$ cat model.cif   # mmCIF, C-alpha atoms
data_coords
#
loop_
_atom_site.label_atom_id
_atom_site.label_comp_id
_atom_site.auth_asym_id
_atom_site.auth_seq_id
_atom_site.Cartn_x
_atom_site.Cartn_y
_atom_site.Cartn_z
CA MET D 1 -37.22 46.31 82.09
CA ASN D 2 -33.94 47.39 83.59
CA PRO D 3 -31.36 46.73 80.84
CA GLN D 4 -28.89 45.68 83.50
CA SER D 5 -31.29 42.93 84.57
CA LYS D 6 -31.17 41.51 81.07
CA GLU D 7 -27.41 41.22 81.33
CA THR D 8 -27.58 39.27 84.53
CA ALA D 9 -30.47 36.99 83.56
CA VAL D 10 -29.94 33.36 84.53
CA ASP D 11 -31.33 30.43 82.59
CA PRO D 12 -33.44 28.38 85.04
CA MET D 13 -33.11 25.31 82.80
CA ALA D 14 -29.31 25.42 82.60
CA GLU D 15 -27.57 22.47 84.19
CA GLN D 16 -26.14 23.53 87.54
CA THR D 17 -22.52 22.56 86.93
CA PRO D 18 -19.88 23.45 89.55
CA GLU D 19 -18.57 26.10 87.16
CA LEU D 20 -22.01 27.66 86.82
CA LEU D 21 -22.74 27.69 90.55
CA ARG D 22 -19.30 29.09 91.28
CA GLN D 23 -19.96 31.85 88.76
CA TYR D 24 -23.38 32.61 90.27
CA THR D 25 -21.88 32.69 93.77
CA TYR D 26 -19.25 35.27 92.77
CA ARG D 27 -21.91 37.20 90.85
CA TRP D 28 -24.15 37.24 93.90
CA PHE D 29 -21.56 39.19 95.88
CA ASP D 30 -20.38 41.29 92.94
CA GLU D 31 -23.75 42.27 91.47
CA VAL D 32 -26.22 42.29 94.33
CA TRP D 33 -23.80 43.79 96.85
CA ASN D 34 -20.65 45.38 95.40
CA GLU D 35 -22.44 46.83 92.38
CA ARG D 36 -25.60 47.43 94.40
CA ARG D 37 -27.80 46.11 91.58
CA ASP D 38 -31.30 45.76 92.96
CA GLY D 39 -32.32 44.17 89.64
CA ALA D 40 -29.90 41.30 90.17
CA ILE D 41 -31.94 40.21 93.20
CA ASP D 42 -34.68 39.04 90.82
CA HIS D 43 -32.27 36.71 89.09
CA PHE D 44 -30.71 35.03 92.09
CA VAL D 45 -33.29 35.01 94.88
CA ALA D 46 -36.14 32.50 94.97
CA ASP D 47 -39.46 33.66 96.39
CA PRO D 48 -39.71 32.76 99.20
CA VAL D 49 -36.16 32.00 100.24
CA GLU D 50 -35.17 30.35 103.52
CA SER D 51 -32.41 32.34 105.12
CA GLN D 52 -30.70 31.31 108.31
CA GLY D 53 -28.65 33.80 110.23
CA PRO D 54 -26.04 32.83 112.80
CA ALA D 55 -28.55 32.05 115.58
CA PRO D 56 -29.29 28.32 115.67
CA LYS D 57 -32.58 27.09 114.26
CA LYS D 58 -33.51 30.64 113.45
CA TYR D 59 -34.91 30.22 109.98
CA GLY D 60 -36.46 33.13 108.26
CA LEU D 61 -38.76 32.38 105.40
CA MET D 62 -38.26 35.58 103.49
CA ARG D 63 -40.31 36.87 100.63
CA LYS D 64 -38.19 38.49 97.96
CA THR D 65 -39.65 41.85 98.99
CA ASP D 66 -38.36 41.26 102.54
CA PHE D 67 -34.92 40.51 101.19
CA ARG D 68 -35.05 43.64 99.01
CA ALA D 69 -35.95 45.74 102.04
CA TRP D 70 -33.13 44.26 104.07
CA HIS D 71 -30.69 44.76 101.17
CA ARG D 72 -31.68 48.41 100.95
CA GLN D 73 -31.33 48.84 104.72
CA LEU D 74 -27.86 47.35 104.80
CA LEU D 75 -26.71 49.47 101.86
CA GLU D 76 -27.98 52.59 103.62
CA ALA D 77 -26.15 51.63 106.80
CA PHE D 78 -22.92 50.84 104.92
CA PRO D 79 -23.06 52.73 101.59
CA ASP D 80 -19.54 51.68 100.64
CA ILE D 81 -20.01 48.03 101.57
CA TRP D 82 -17.54 45.81 99.74
CA PHE D 83 -17.32 42.02 99.71
CA GLU D 84 -14.10 40.31 98.83
CA VAL D 85 -14.70 36.64 98.20
CA HIS D 86 -11.66 34.53 99.04
CA SER D 87 -12.88 31.06 98.24
CA VAL D 88 -15.95 29.38 96.72
CA VAL D 89 -16.58 25.67 97.08
CA VAL D 90 -19.27 23.88 95.07
CA ASP D 91 -20.62 20.41 95.82
CA GLY D 92 -23.81 19.29 94.10
CA ASP D 93 -26.45 21.98 94.32
CA ILE D 94 -24.73 23.77 97.20
CA SER D 95 -22.02 26.41 97.13
CA ALA D 96 -20.19 28.08 100.00
CA ALA D 97 -18.26 31.32 100.01
CA ARG D 98 -15.67 32.55 102.46
CA TYR D 99 -15.35 36.32 102.38
CA SER D 100 -14.23 39.53 104.02
CA VAL D 101 -16.62 42.45 104.04
CA SER D 102 -15.86 46.06 104.84
CA GLY D 103 -17.78 49.31 104.97
CA THR D 104 -18.25 52.57 106.81
CA HIS D 105 -21.12 52.74 109.26
CA LEU D 106 -22.79 55.86 107.90
CA GLY D 107 -26.44 54.97 108.41
CA ASP D 108 -28.56 53.49 111.20
CA LEU D 109 -28.40 49.72 111.45
CA ASP D 110 -31.17 47.88 113.33
CA GLY D 111 -31.59 50.82 115.66
CA LEU D 112 -27.85 51.39 116.07
CA PRO D 113 -27.14 55.00 115.11
CA ALA D 114 -24.43 55.67 112.54
CA SER D 115 -21.03 55.55 114.24
CA GLN D 116 -18.95 56.72 111.24
CA LYS D 117 -16.61 53.81 112.03
CA GLU D 118 -14.96 51.60 109.44
CA VAL D 119 -15.79 47.97 109.81
CA HIS D 120 -13.95 44.94 108.48
CA ILE D 121 -15.13 41.43 109.29
CA THR D 122 -15.07 37.91 107.91
CA GLY D 123 -17.99 35.70 107.07
CA MET D 124 -19.16 32.55 105.33
CA THR D 125 -22.36 31.84 103.48
CA MET D 126 -23.68 28.56 102.14
CA PHE D 127 -26.29 28.58 99.36
CA ARG D 128 -28.59 25.89 98.01
CA TRP D 129 -29.41 26.52 94.35
CA ARG D 130 -32.21 25.37 92.08
CA GLY D 131 -32.95 26.77 88.65
CA GLY D 132 -30.15 29.27 89.14
CA LYS D 133 -31.82 30.76 92.20
CA ILE D 134 -30.92 30.64 95.88
CA GLN D 135 -33.53 28.52 97.66
CA GLU D 136 -31.90 28.39 101.04
CA SER D 137 -28.91 30.10 102.65
CA TRP D 138 -27.00 29.79 105.89
CA ASN D 139 -24.82 32.56 107.25
CA ASN D 140 -22.08 32.85 109.82
CA HIS D 141 -20.34 36.17 109.99
CA ASP D 142 -18.48 37.98 112.73
CA GLN D 143 -21.41 39.92 114.19
CA LEU D 144 -19.57 40.31 117.49
CA GLY D 145 -16.62 41.88 115.68
CA LEU D 146 -19.00 44.21 113.85
CA LEU D 147 -20.55 45.45 117.10
CA GLN D 148 -17.12 45.85 118.68
CA GLN D 149 -15.82 47.84 115.74
CA ILE D 150 -18.75 50.25 115.74
CA GLY D 151 -18.28 50.69 119.47
CA PHE D 152 -21.57 49.16 120.60
CA VAL D 153 -19.79 46.41 122.53
CA ASP D 154 -16.44 46.51 124.33
CA MET E 1 -4.74 9.44 99.94
CA PRO E 2 -8.50 9.26 100.53
CA LYS E 3 -10.86 9.38 97.57
CA ARG E 4 -13.32 12.26 97.48
CA GLY E 5 -16.18 10.03 98.63
CA GLU E 6 -14.20 9.01 101.70
CA VAL E 7 -13.58 12.57 102.82
CA TYR E 8 -17.15 13.02 104.05
CA ALA E 9 -16.80 10.09 106.45
CA LEU E 10 -13.36 11.31 107.48
CA VAL E 11 -14.64 14.75 108.45
CA ASP E 12 -17.63 13.25 110.24
CA SER E 13 -15.31 10.97 112.22
CA PHE E 14 -13.10 13.93 113.09
CA PHE E 15 -15.99 15.69 114.80
CA GLN E 16 -17.15 12.51 116.46
CA GLU E 17 -13.79 11.33 117.81
CA VAL E 18 -11.92 14.57 118.49
CA TRP E 19 -14.83 16.62 119.77
CA ASN E 20 -17.79 14.47 120.84
CA GLU E 21 -15.72 11.65 122.27
CA GLN E 22 -13.01 14.09 123.44
CA ASN E 23 -10.37 11.56 122.37
CA ASP E 24 -6.83 13.02 122.54
CA ASP E 25 -5.29 10.11 120.65
CA ALA E 26 -7.52 10.78 117.66
CA ILE E 27 -6.05 14.22 117.07
CA PRO E 28 -2.99 13.11 115.02
CA LYS E 29 -5.34 10.96 112.94
CA TYR E 30 -7.09 14.00 111.51
CA ILE E 31 -4.85 17.00 112.01
CA SER E 32 -1.40 17.57 110.57
CA PRO E 33 1.40 18.32 113.06
CA LYS E 34 1.31 21.99 112.09
CA VAL E 35 -2.09 23.48 111.23
CA ILE E 36 -2.58 27.05 110.11
CA GLU E 37 -5.60 28.36 111.96
CA HIS E 38 -7.19 31.59 110.77
CA GLY E 39 -9.03 33.01 113.72
CA LEU E 40 -11.46 35.82 114.11
CA SER E 41 -11.59 39.04 112.10
CA GLY E 42 -8.41 41.02 112.07
CA LEU E 43 -6.29 38.49 113.88
CA GLN E 44 -3.17 37.01 112.33
CA PRO E 45 -3.25 33.34 111.46
CA LEU E 46 -1.64 31.03 113.97
CA THR E 47 0.34 27.87 113.34
CA LEU E 48 -0.79 25.31 115.87
CA ASP E 49 0.97 22.15 116.89
CA TYR E 50 -0.78 19.32 118.70
CA SER E 51 -0.17 20.76 122.17
CA ASP E 52 -1.67 24.10 121.06
CA PHE E 53 -4.71 22.35 119.68
CA ILE E 54 -5.12 20.23 122.80
CA ALA E 55 -4.82 23.32 125.00
CA PHE E 56 -7.42 25.19 122.94
CA ARG E 57 -9.79 22.24 123.03
CA ALA E 58 -9.21 21.79 126.76
CA ARG E 59 -10.27 25.37 127.48
CA PHE E 60 -13.43 24.91 125.45
CA LEU E 61 -14.33 21.56 127.00
CA GLN E 62 -13.60 22.84 130.51
CA ALA E 63 -16.27 25.48 129.93
CA PHE E 64 -18.60 23.14 128.04
CA PRO E 65 -17.85 19.58 129.24
CA ASP E 66 -20.95 18.01 127.69
CA ALA E 67 -20.51 19.72 124.31
CA LYS E 68 -22.24 17.92 121.49
CA PHE E 69 -21.14 18.72 117.94
CA THR E 70 -23.64 17.97 115.18
CA VAL E 71 -22.51 18.11 111.58
CA ASP E 72 -25.29 19.56 109.41
CA ASN E 73 -23.58 19.54 106.03
CA ILE E 74 -20.22 18.79 104.45
CA LEU E 75 -19.07 20.07 101.06
CA VAL E 76 -15.98 18.63 99.40
CA GLU E 77 -14.28 20.05 96.34
CA GLY E 78 -10.70 19.07 95.68
CA GLU E 79 -8.75 19.68 98.87
CA VAL E 80 -11.25 22.13 100.31
CA VAL E 81 -13.86 20.97 102.79
CA VAL E 82 -16.65 23.17 104.11
CA VAL E 83 -18.51 22.04 107.20
CA ARG E 84 -21.65 23.55 108.60
CA PHE E 85 -22.27 22.41 112.17
CA HIS E 86 -23.80 23.39 115.48
CA VAL E 87 -22.85 22.90 119.11
CA GLU E 88 -25.08 22.34 122.13
CA ALA E 89 -23.66 22.38 125.65
CA THR E 90 -24.11 23.36 129.26
CA HIS E 91 -21.91 26.19 130.48
CA LEU E 92 -20.33 24.55 133.50
CA GLY E 93 -16.74 25.88 133.61
CA ASP E 94 -14.67 29.09 133.48
CA GLY E 95 -12.33 27.74 130.79
CA MET E 96 -13.27 30.34 128.16
CA GLY E 97 -12.24 33.19 130.47
CA PHE E 98 -15.62 34.10 131.93
CA PRO E 99 -17.55 32.63 134.87
CA ALA E 100 -19.68 29.53 134.39
CA THR E 101 -23.39 30.28 134.27
CA GLY E 102 -24.87 26.79 134.30
CA ARG E 103 -26.95 27.76 131.24
CA LYS E 104 -27.68 25.59 128.25
CA ILE E 105 -26.19 27.17 125.16
CA SER E 106 -26.11 26.46 121.46
CA PHE E 107 -24.44 28.09 118.48
CA THR E 108 -23.99 27.54 114.76
CA ALA E 109 -20.64 27.45 113.00
CA MET E 110 -19.06 27.02 109.61
CA GLY E 111 -15.53 26.06 108.73
CA PHE E 112 -13.45 25.95 105.57
CA GLY E 113 -10.57 23.52 105.76
CA ILE E 114 -7.82 22.28 103.50
CA TRP E 115 -7.36 18.56 103.92
CA ARG E 116 -4.36 16.91 102.32
CA ASP E 117 -3.65 13.18 102.49
CA GLY E 118 -6.46 12.78 104.97
CA LYS E 119 -5.37 15.48 107.40
CA MET E 120 -6.38 19.07 108.03
CA ILE E 121 -3.55 21.49 107.21
CA GLU E 122 -5.33 24.84 107.28
CA ALA E 123 -8.66 26.09 108.64
CA TRP E 124 -10.90 29.13 108.79
CA ASN E 125 -13.92 29.40 111.06
CA ASN E 126 -16.89 31.61 111.72
CA PHE E 127 -19.23 30.84 114.57
CA ASP E 128 -22.08 32.64 116.32
CA GLN E 129 -19.90 34.15 119.00
CA LEU E 130 -22.31 37.05 119.53
CA GLY E 131 -25.12 34.59 120.17
CA LEU E 132 -22.95 32.70 122.65
CA MET E 133 -22.01 35.88 124.50
CA ARG E 134 -25.69 36.77 124.76
CA GLN E 135 -26.64 33.33 126.02
CA VAL E 136 -24.07 33.48 128.80
CA GLY E 137 -25.19 36.97 129.70
CA LEU E 138 -22.00 38.84 128.80
CA ILE E 139 -23.77 40.94 126.16
CA GLU E 140 -27.35 42.23 126.14
#
$ encode --input "model.cif" --output "structure tokens"
Amino acid sequence: MNPQSKETAVDPMAEQTPELLRQYTYRWFDEVWNERRDGAIDHFVADPVESQGPAPKKYGLMRKTDFRAWHRQLLEAFPDIWFEVHSVVVDGDISAARYSVSGTHLGDLDGLPASQKEVHITGMTMFRWRGGKIQESWNNHDQLGLLQQIGFVD
Amino acid sequence: MPKRGEVYALVDSFFQEVWNEQNDDAIPKYISPKVIEHGLSGLQPLTLDYSDFIAFRARFLQAFPDAKFTVDNILVEGEVVVVRFHVEATHLGDGMGFPATGRKISFTAMGFGIWRDGKMIEAWNNFDQLGLMRQVGLIE
């Protein structure tokens, strides 16, 4: 077992207090993304997880392996990706994060060849938690800004 | 000052009265006279007064006169409110700066707001602008 995974293990029976869910939300961005810890995915992502992107009613029921693959793809496209979380709100079993994310477009992204451009956009994600794992998430981030900054769109 | 439990209804009413019913008089009920609005990536925050807000809303409603705002979820923690919502409309006007297409559009959105004494004083938003641009044919 990856020793790092042991560090980030979550207790599925722990009461989901606001403090706990706030901690998990920050850890999600710090460990899975900023620290690029593939092992942390096992601790925070339910299997399957329902993930909604910006497009309305576009739900993706993702297996954890799908999420892993997408995580890897995004990290290859933006190897220096960095999330700065500005605010986390917790209400019941749901948390929401408001963040800025930056990175350099050094790898192909969804068929868009690497532009070498630096990107900096804002976004928001809402998470529904159970047993310390994300069951459902909703995302709105500045995709238009991203495409403009890499030069794909005027 | 509203209790936490009352804030959900307050935010719901804001969307209903200010946006769905397009009621100008309701604006001072929900929004403080100077609101700090954090716009899209990279832009500086703007301080809006009521006439700024009315002008912004007028442009949107000119383009999308039948806009229907549906609140999907509201989170409240202290003074911070997070709303997840979606908008459905028909693109009937040029108000947003590009020609009307007559198409039915829809987009999701999320907003973080600070509400103090029952009024919004600061707001951040992210909405599916790319999706909207695609639906009106401005982007492939």
$ residues_near_point --input "model.cif" --point "(-11.8, 21.7, 107.5)" --cutoff "9 Å" --atoms "all atoms listed in the file" --output "number ranges by chain"
E: 11, 80-83, 111-115, 119-125
$ interface_residues --input "model.cif" --of "chain E" --to "chain D" --cutoff "6 Å" --atoms "all atoms listed in the file" --output "PDB file with C-alpha atoms, in the frame of the given file"
ATOM      1  CA  SER E  41     -11.590  39.040 112.100  1.00  0.00           C
ATOM      2  CA  LEU E  75     -19.070  20.070 101.060  1.00  0.00           C
ATOM      3  CA  PHE E 107     -24.440  28.090 118.480  1.00  0.00           C
ATOM      4  CA  THR E 108     -23.990  27.540 114.760  1.00  0.00           C
ATOM      5  CA  ASN E 126     -16.890  31.610 111.720  1.00  0.00           C
ATOM      6  CA  PHE E 127     -19.230  30.840 114.570  1.00  0.00           C
ATOM      7  CA  ASP E 128     -22.080  32.640 116.320  1.00  0.00           C
ATOM      8  CA  LEU E 130     -22.310  37.050 119.530  1.00  0.00           C
TER       9      LEU E 130
END
$ residues_around --input "model.cif" --residues "Arg36 of chain D" --least-positions-apart "2" --cutoff "12 Å" --atoms "all atoms listed in the file" --output "PyMOL selection string"
chain D and resi 4+27-34+38-41+68+71-76+78-83
$ atom_distance --input "model.cif" --atom1 "atom CA of Val49 of chain D" --atom2 "atom CA of Thr70 of chain E"
24.0 Å
$ resolve_selection --input "model.cif" --expression "the PyMOL selection byres ((chain E and resi 63) around 12)" --output "list in words"
Phe56, Arg57, Ala58, Arg59, Phe60, Leu61, Gln62, Phe64, Pro65, Asp66, Ala67, Ala89, Thr90, His91, Leu92, Gly93, Asp94, Gly95, Met96, Gly97, Phe98, Pro99, Ala100, Thr101, Gly102, Arg103, Lys104, Ile105 and Val136 of chain E
$ resolve_selection --input "model.cif" --expression "the PyMOL selection byres ((chain E and resi 68) around 6)" --output "mmCIF file with C-alpha atoms, keeping the file's coordinate frame"
data_model
loop_
_atom_site.group_PDB
_atom_site.id
_atom_site.type_symbol
_atom_site.label_atom_id
_atom_site.label_comp_id
_atom_site.auth_asym_id
_atom_site.auth_seq_id
_atom_site.Cartn_x
_atom_site.Cartn_y
_atom_site.Cartn_z
ATOM 1 C CA ASN E 20 -17.790 14.470 120.840
ATOM 2 C CA ALA E 67 -20.510 19.720 124.310
ATOM 3 C CA PHE E 69 -21.140 18.720 117.940
ATOM 4 C CA VAL E 87 -22.850 22.900 119.110
ATOM 5 C CA GLU E 88 -25.080 22.340 122.130
#
$ atom_distance --input "model.cif" --atom1 "atom CA of Leu21 of chain D" --atom2 "atom CA of Gly132 of chain D"
7.7 Å
$ closest_residue --input "model.cif" --among "D:Ser102, D:Ser115, D:Ser51, D:Gln23" --to "Gln135 of chain D" --atoms "only C-alpha atoms"
D:Ser51
$ resolve_selection --input "model.cif" --expression "the PyMOL selection byres ((chain D and resi 133) around 7)" --output "VMD selection string"
chain D and resid 43 to 46 129 to 132 134 to 135
$ atom_distance --input "model.cif" --atom1 "atom CA of Asp117 of chain E" --atom2 "atom CA of Pro2 of chain E"
6.5 Å
$ closest_residue --input "model.cif" --among "D:Leu112, D:Ala69, D:Leu20, D:Val10" --to "Asp93 of chain D" --atoms "all atoms listed in the file"
D:Leu20
$ closest_residue --input "model.cif" --among "E:Asp52, E:Glu79, E:Ser106, E:Ala26" --to "Arg134 of chain E" --atoms "only C-alpha atoms"
E:Ser106
$ build_atoms --input "model.cif" --residues "segment 96-132 of chain E" --atoms "N, CA and C atoms" --output "mmCIF file, in the frame of the given file"
data_model
loop_
_atom_site.group_PDB
_atom_site.id
_atom_site.type_symbol
_atom_site.label_atom_id
_atom_site.label_comp_id
_atom_site.auth_asym_id
_atom_site.auth_seq_id
_atom_site.Cartn_x
_atom_site.Cartn_y
_atom_site.Cartn_z
ATOM 1 N N MET E 96 -13.324 29.377 129.274
ATOM 2 C CA MET E 96 -13.270 30.340 128.160
ATOM 3 C C MET E 96 -12.919 31.748 128.647
ATOM 4 N N GLY E 97 -12.661 31.888 129.946
ATOM 5 C CA GLY E 97 -12.240 33.190 130.470
ATOM 6 C C GLY E 97 -13.353 33.997 131.099
ATOM 7 N N PHE E 98 -14.529 33.410 131.233
ATOM 8 C CA PHE E 98 -15.620 34.100 131.930
ATOM 9 C C PHE E 98 -16.364 33.073 132.791
ATOM 10 N N PRO E 99 -16.976 33.550 133.875
ATOM 11 C CA PRO E 99 -17.550 32.630 134.870
ATOM 12 C C PRO E 99 -18.646 31.732 134.301
ATOM 13 N N ALA E 100 -18.648 30.488 134.779
ATOM 14 C CA ALA E 100 -19.680 29.530 134.390
ATOM 15 C C ALA E 100 -21.046 30.040 134.815
ATOM 16 N N THR E 101 -22.040 29.798 133.969
ATOM 17 C CA THR E 101 -23.390 30.280 134.270
ATOM 18 C C THR E 101 -24.369 29.139 134.508
ATOM 19 N N GLY E 102 -23.953 27.917 134.168
ATOM 20 C CA GLY E 102 -24.870 26.790 134.300
ATOM 21 C C GLY E 102 -25.919 26.728 133.201
ATOM 22 N N ARG E 103 -25.893 27.690 132.268
ATOM 23 C CA ARG E 103 -26.950 27.760 131.240
ATOM 24 C C ARG E 103 -26.700 26.790 130.091
ATOM 25 N N LYS E 104 -27.780 26.371 129.471
ATOM 26 C CA LYS E 104 -27.680 25.590 128.250
ATOM 27 C C LYS E 104 -27.470 26.561 127.095
ATOM 28 N N ILE E 105 -26.497 26.279 126.277
ATOM 29 C CA ILE E 105 -26.190 27.170 125.160
ATOM 30 C C ILE E 105 -26.173 26.371 123.852
ATOM 31 N N SER E 106 -26.317 27.093 122.759
ATOM 32 C CA SER E 106 -26.110 26.460 121.460
ATOM 33 C C SER E 106 -25.664 27.529 120.469
ATOM 34 N N PHE E 107 -24.863 27.137 119.517
ATOM 35 C CA PHE E 107 -24.440 28.090 118.480
ATOM 36 C C PHE E 107 -24.132 27.359 117.185
ATOM 37 N N THR E 108 -24.306 28.100 116.083
ATOM 38 C CA THR E 108 -23.990 27.540 114.760
ATOM 39 C C THR E 108 -22.559 27.923 114.391
ATOM 40 N N ALA E 109 -22.005 27.185 113.447
ATOM 41 C CA ALA E 109 -20.640 27.450 113.000
ATOM 42 C C ALA E 109 -20.445 26.949 111.595
ATOM 43 N N MET E 110 -19.446 27.499 110.930
ATOM 44 C CA MET E 110 -19.060 27.020 109.610
ATOM 45 C C MET E 110 -17.549 27.047 109.550
ATOM 46 N N GLY E 111 -16.980 26.072 108.871
ATOM 47 C CA GLY E 111 -15.530 26.060 108.730
ATOM 48 C C GLY E 111 -15.132 25.686 107.323
ATOM 49 N N PHE E 112 -14.092 26.342 106.830
ATOM 50 C CA PHE E 112 -13.450 25.950 105.570
ATOM 51 C C PHE E 112 -12.139 25.306 105.977
ATOM 52 N N GLY E 113 -11.842 24.161 105.423
ATOM 53 C CA GLY E 113 -10.570 23.520 105.760
ATOM 54 C C GLY E 113 -9.890 22.982 104.525
ATOM 55 N N ILE E 114 -8.565 22.968 104.563
ATOM 56 C CA ILE E 114 -7.820 22.280 103.500
ATOM 57 C C ILE E 114 -7.341 20.968 104.089
ATOM 58 N N TRP E 115 -7.735 19.895 103.462
ATOM 59 C CA TRP E 115 -7.360 18.560 103.920
ATOM 60 C C TRP E 115 -6.479 17.924 102.853
ATOM 61 N N ARG E 116 -5.297 17.522 103.266
ATOM 62 C CA ARG E 116 -4.360 16.910 102.320
ATOM 63 C C ARG E 116 -3.921 15.566 102.882
ATOM 64 N N ASP E 117 -4.004 14.528 102.047
ATOM 65 C CA ASP E 117 -3.650 13.180 102.490
ATOM 66 C C ASP E 117 -4.389 12.803 103.779
ATOM 67 N N GLY E 118 -5.630 13.201 103.845
ATOM 68 C CA GLY E 118 -6.460 12.780 104.970
ATOM 69 C C GLY E 118 -6.302 13.586 106.239
ATOM 70 N N LYS E 119 -5.535 14.674 106.185
ATOM 71 C CA LYS E 119 -5.370 15.480 107.400
ATOM 72 C C LYS E 119 -5.606 16.959 107.126
ATOM 73 N N MET E 120 -6.139 17.628 108.136
ATOM 74 C CA MET E 120 -6.380 19.070 108.030
ATOM 75 C C MET E 120 -5.049 19.801 108.111
ATOM 76 N N ILE E 121 -4.786 20.702 107.152
ATOM 77 C CA ILE E 121 -3.550 21.490 107.210
ATOM 78 C C ILE E 121 -3.795 22.982 107.391
ATOM 79 N N GLU E 122 -5.025 23.415 107.123
ATOM 80 C CA GLU E 122 -5.330 24.840 107.280
ATOM 81 C C GLU E 122 -6.836 24.974 107.524
ATOM 82 N N ALA E 123 -7.237 25.953 108.332
ATOM 83 C CA ALA E 123 -8.660 26.090 108.640
ATOM 84 C C ALA E 123 -9.060 27.522 108.906
ATOM 85 N N TRP E 124 -10.279 27.843 108.509
ATOM 86 C CA TRP E 124 -10.900 29.130 108.790
ATOM 87 C C TRP E 124 -12.250 28.823 109.451
ATOM 88 N N ASN E 125 -12.654 29.637 110.385
ATOM 89 C CA ASN E 125 -13.920 29.400 111.060
ATOM 90 C C ASN E 125 -14.707 30.664 111.295
ATOM 91 N N ASN E 126 -16.005 30.552 111.245
ATOM 92 C CA ASN E 126 -16.890 31.610 111.720
ATOM 93 C C ASN E 126 -17.960 30.932 112.558
ATOM 94 N N PHE E 127 -18.168 31.411 113.767
ATOM 95 C CA PHE E 127 -19.230 30.840 114.570
ATOM 96 C C PHE E 127 -20.013 31.955 115.250
ATOM 97 N N ASP E 128 -21.192 31.630 115.751
ATOM 98 C CA ASP E 128 -22.080 32.640 116.320
ATOM 99 C C ASP E 128 -21.600 33.046 117.715
ATOM 100 N N GLN E 129 -20.499 33.747 117.726
ATOM 101 C CA GLN E 129 -19.900 34.150 119.000
ATOM 102 C C GLN E 129 -20.780 35.177 119.715
ATOM 103 N N LEU E 130 -21.411 36.063 118.929
ATOM 104 C CA LEU E 130 -22.310 37.050 119.530
ATOM 105 C C LEU E 130 -23.454 36.343 120.244
ATOM 106 N N GLY E 131 -24.021 35.356 119.571
ATOM 107 C CA GLY E 131 -25.120 34.590 120.170
ATOM 108 C C GLY E 131 -24.675 33.922 121.466
ATOM 109 N N LEU E 132 -23.485 33.362 121.452
ATOM 110 C CA LEU E 132 -22.950 32.700 122.650
ATOM 111 C C LEU E 132 -22.786 33.707 123.792
#
